[in-house]
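For reference, final.pdb (PDB, C-alpha atoms, pLDDT in the B column):
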```pdb
ATOM      1  CA  MET J  23     -83.558 -81.947-131.221  1.00 77.00           C
ATOM      2  CA  LEU J  24     -83.971 -80.216-134.577  1.00 90.00           C
ATOM      3  CA  ILE J  25     -82.429 -76.862-135.446  1.00 92.00           C
ATOM      4  CA  ASP J  26     -85.949 -75.399-135.745  1.00 90.00           C
ATOM      5  CA  GLU J  27     -86.378 -76.031-132.024  1.00 96.00           C
ATOM      6  CA  ILE J  28     -83.589 -73.589-131.129  1.00 98.00           C
ATOM      7  CA  LEU J  29     -84.349 -69.864-131.343  1.00 98.00           C
ATOM      8  CA  THR J  30     -82.465 -66.641-130.773  1.00 98.00           C
ATOM      9  CA  LEU J  31     -83.989 -64.515-128.029  1.00 98.00           C
ATOM     10  CA  LYS J  32     -85.087 -61.915-130.573  1.00 97.00           C
ATOM     11  CA  GLU J  33     -86.796 -64.546-132.712  1.00 97.00           C
ATOM     12  CA  ALA J  34     -88.514 -66.070-129.674  1.00 98.00           C
ATOM     13  CA  GLU J  35     -89.740 -62.681-128.443  1.00 97.00           C
ATOM     14  CA  GLU J  36     -91.129 -61.830-131.874  1.00 97.00           C
ATOM     15  CA  ARG J  37     -92.865 -65.189-132.289  1.00 96.00           C
ATOM     16  CA  TRP J  38     -94.413 -65.133-128.820  1.00 97.00           C
ATOM     17  CA  GLN J  39     -95.204 -61.416-129.115  1.00 96.00           C
ATOM     18  CA  LEU J  40     -93.160 -60.490-126.038  1.00 97.00           C
ATOM     19  CA  SER J  41     -91.484 -57.176-125.295  1.00 97.00           C
ATOM     20  CA  ALA J  42     -87.997 -56.792-126.740  1.00 96.00           C
ATOM     21  CA  GLY J  43     -85.423 -57.738-124.134  1.00 96.00           C
ATOM     22  CA  LEU J  44     -87.857 -59.561-121.830  1.00 96.00           C
ATOM     23  CA  ILE J  45     -86.165 -62.964-122.036  1.00 97.00           C
ATOM     24  CA  ARG J  46     -82.720 -61.431-121.498  1.00 96.00           C
ATOM     25  CA  GLN J  47     -84.104 -59.738-118.359  1.00 96.00           C
ATOM     26  CA  ARG J  48     -85.378 -63.125-117.163  1.00 95.00           C
ATOM     27  CA  ILE J  49     -81.961 -64.677-117.773  1.00 95.00           C
ATOM     28  CA  ARG J  50     -80.239 -61.918-115.790  1.00 95.00           C
ATOM     29  CA  GLY J  51     -82.646 -61.734-112.881  1.00 94.00           C
ATOM     30  CA  TYR J  52     -84.339 -65.115-112.765  1.00 92.00           C
ATOM     31  CA  ALA J  53     -81.944 -67.632-114.326  1.00 90.00           C
ATOM     32  CA  HIS J  54     -83.279 -70.265-111.920  1.00 93.00           C
ATOM     33  CA  ILE J  55     -86.553 -70.474-113.884  1.00 95.00           C
ATOM     34  CA  PHE J  56     -84.698 -72.120-116.772  1.00 96.00           C
ATOM     35  CA  ASN J  57     -83.926 -75.826-116.720  1.00 97.00           C
ATOM     36  CA  PRO J  58     -80.452 -77.086-117.652  1.00 96.00           C
ATOM     37  CA  GLY J  59     -80.035 -77.102-121.432  1.00 96.00           C
ATOM     38  CA  GLU J  60     -82.867 -74.650-122.161  1.00 97.00           C
ATOM     39  CA  ILE J  61     -80.669 -71.587-122.702  1.00 97.00           C
ATOM     40  CA  ARG J  62     -77.071 -70.970-123.681  1.00 96.00           C
ATOM     41  CA  LYS J  63     -74.905 -68.264-125.130  1.00 96.00           C
ATOM     42  CA  SER J  64     -73.130 -68.973-128.413  1.00 96.00           C
ATOM     43  CA  GLY J  65     -70.572 -66.267-129.103  1.00 97.00           C
ATOM     44  CA  GLY J  66     -72.557 -63.118-128.418  1.00 95.00           C
ATOM     45  CA  THR J  67     -75.963 -64.635-129.149  1.00 97.00           C
ATOM     46  CA  TRP J  68     -78.301 -66.117-126.566  1.00 97.00           C
ATOM     47  CA  LEU J  69     -80.277 -69.193-127.654  1.00 98.00           C
ATOM     48  CA  ILE J  70     -83.390 -70.725-126.125  1.00 98.00           C
ATOM     49  CA  THR J  71     -85.280 -73.933-126.845  1.00 98.00           C
ATOM     50  CA  ARG J  72     -88.846 -74.010-128.099  1.00 97.00           C
ATOM     51  CA  ASP J  73     -89.654 -76.299-125.152  1.00 97.00           C
ATOM     52  CA  ALA J  74     -88.507 -73.599-122.710  1.00 98.00           C
ATOM     53  CA  MET J  75     -90.632 -70.992-124.464  1.00 98.00           C
ATOM     54  CA  GLU J  76     -93.716 -73.216-124.381  1.00 97.00           C
ATOM     55  CA  ARG J  77     -93.134 -74.130-120.739  1.00 97.00           C
ATOM     56  CA  LEU J  78     -92.760 -70.499-119.671  1.00 97.00           C
ATOM     57  CA  TYR J  79     -95.026 -68.635-122.112  1.00 96.00           C
ATOM     58  CA  GLY J  80     -97.430 -71.221-123.521  1.00 97.00           C
ATOM     59  CA  LYS J  81     -97.890 -72.346-127.093  1.00 96.00           C
ATOM     60  CA  GLU J  82     -96.627 -70.117-129.873  1.00 95.00           C
ATOM     61  CA  PRO J  83     -99.393 -67.840-131.170  1.00 92.00           C
ATOM     62  CA  GLU J  84    -100.877 -69.004-134.485  1.00 84.00           C
ATOM     63  CA  GLY J  85     -99.376 -67.676-137.680  1.00 71.00           C
ATOM     64  CA  LYS J  86     -96.015 -66.724-136.158  1.00 57.00           C
ATOM     65  CA  ARG J  87     -93.907 -69.612-137.463  1.00 59.00           C
TER      66      ARG J  87
END
```
Before anything else, please render the file you have as structure tokens.
Amino acid sequence: MLIDEILTLKEAEERWQLSAGLIRQRIRGYAHIFNPGEIRKSGGTWLITRDAMERLYGKEPEGKR
């Protein structure tokens, strides 16, 4: 896996044009929707894989990379 395939929640929400805090809400209330290794907390920062984002929210909208 390349470093470009790991995103902060804020970065993922911006790229997929999601509401701020939406992924964190999913982690808190629906952690079971994530597969092992798709999310983790590093220090105080949550990280998510691009694969998880595409599985849950579809392909990244054009022009957001």
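With all atoms listed in the file taken into account, the protein and nucleic acid residues at most 9 Å from Arg46 in chain J (excluding it and anything under 5 positions from it in its own chain) are J:Leu31, J:Gly51, J:Trp68.
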Saved selection, atoms kept: C-alpha atoms, as a PDB file, keeping the file's coordinate frame:
```
ATOM      1  CA  LEU J  31     -83.989 -64.515-128.029  1.00 98.00           C
ATOM      2  CA  GLY J  51     -82.646 -61.734-112.881  1.00 94.00           C
ATOM      3  CA  TRP J  68     -78.301 -66.117-126.566  1.00 97.00           C
TER       4      TRP J  68
END
```
Near-Glu84 in chain J list (12 Å; all atoms listed in the file; drop same-chain fewer than 3 positions) as a count of residues only
6
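Using all atoms listed in the file for every distance, the candidate list J:Ala42, J:Leu78, J:Ile70, J:Ile61 yields J:Ile70 as the residue closest to Asp26 in chain J.
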In terms of the shortest atom-to-atom distance over only C-alpha atoms, which of J:Glu27, J:Leu69, J:Lys63, J:Met75 is closest to Leu40 in chain J?
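Ranked by minimum distance to Leu40 in chain J, first place goes to J:Met75.
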Interatomic distance (Å, one decimal) between CA of Pro83 in chain J and CA of Ile55 in chain J:
21.7 Å
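Using all atoms listed in the file for every distance, the candidate list J:Asp73, J:Glu33, J:Glu82, J:Gly65 yields J:Glu33 as the residue closest to Ile45 in chain J.
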Of the candidates J:Leu44, J:Ala53, J:Ile28, J:Ala34, which one gets nearest to Thr71 in chain J if we count all atoms listed in the file?
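Among J:Leu44, J:Ala53, J:Ile28, J:Ala34, it is J:Ile28 that comes nearest to Thr71 in chain J.
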Axis-aligned box for all listed atoms of range 34-53 of chain J, 8 Å per side, centre and edges in Å to one decimal, as AutoDock Vina command-line options:
```
--center_x -87.7 --center_y -62.2 --center_z -122.5 --size_x 31.0 --size_y 26.8 --size_z 35.5
```
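In terms of minimum interatomic distance to Leu24 in chain J, J:Arg72 ranks closest within J:Arg77, J:Arg72, J:Asn57, J:Gly85, counting all atoms listed in the file.
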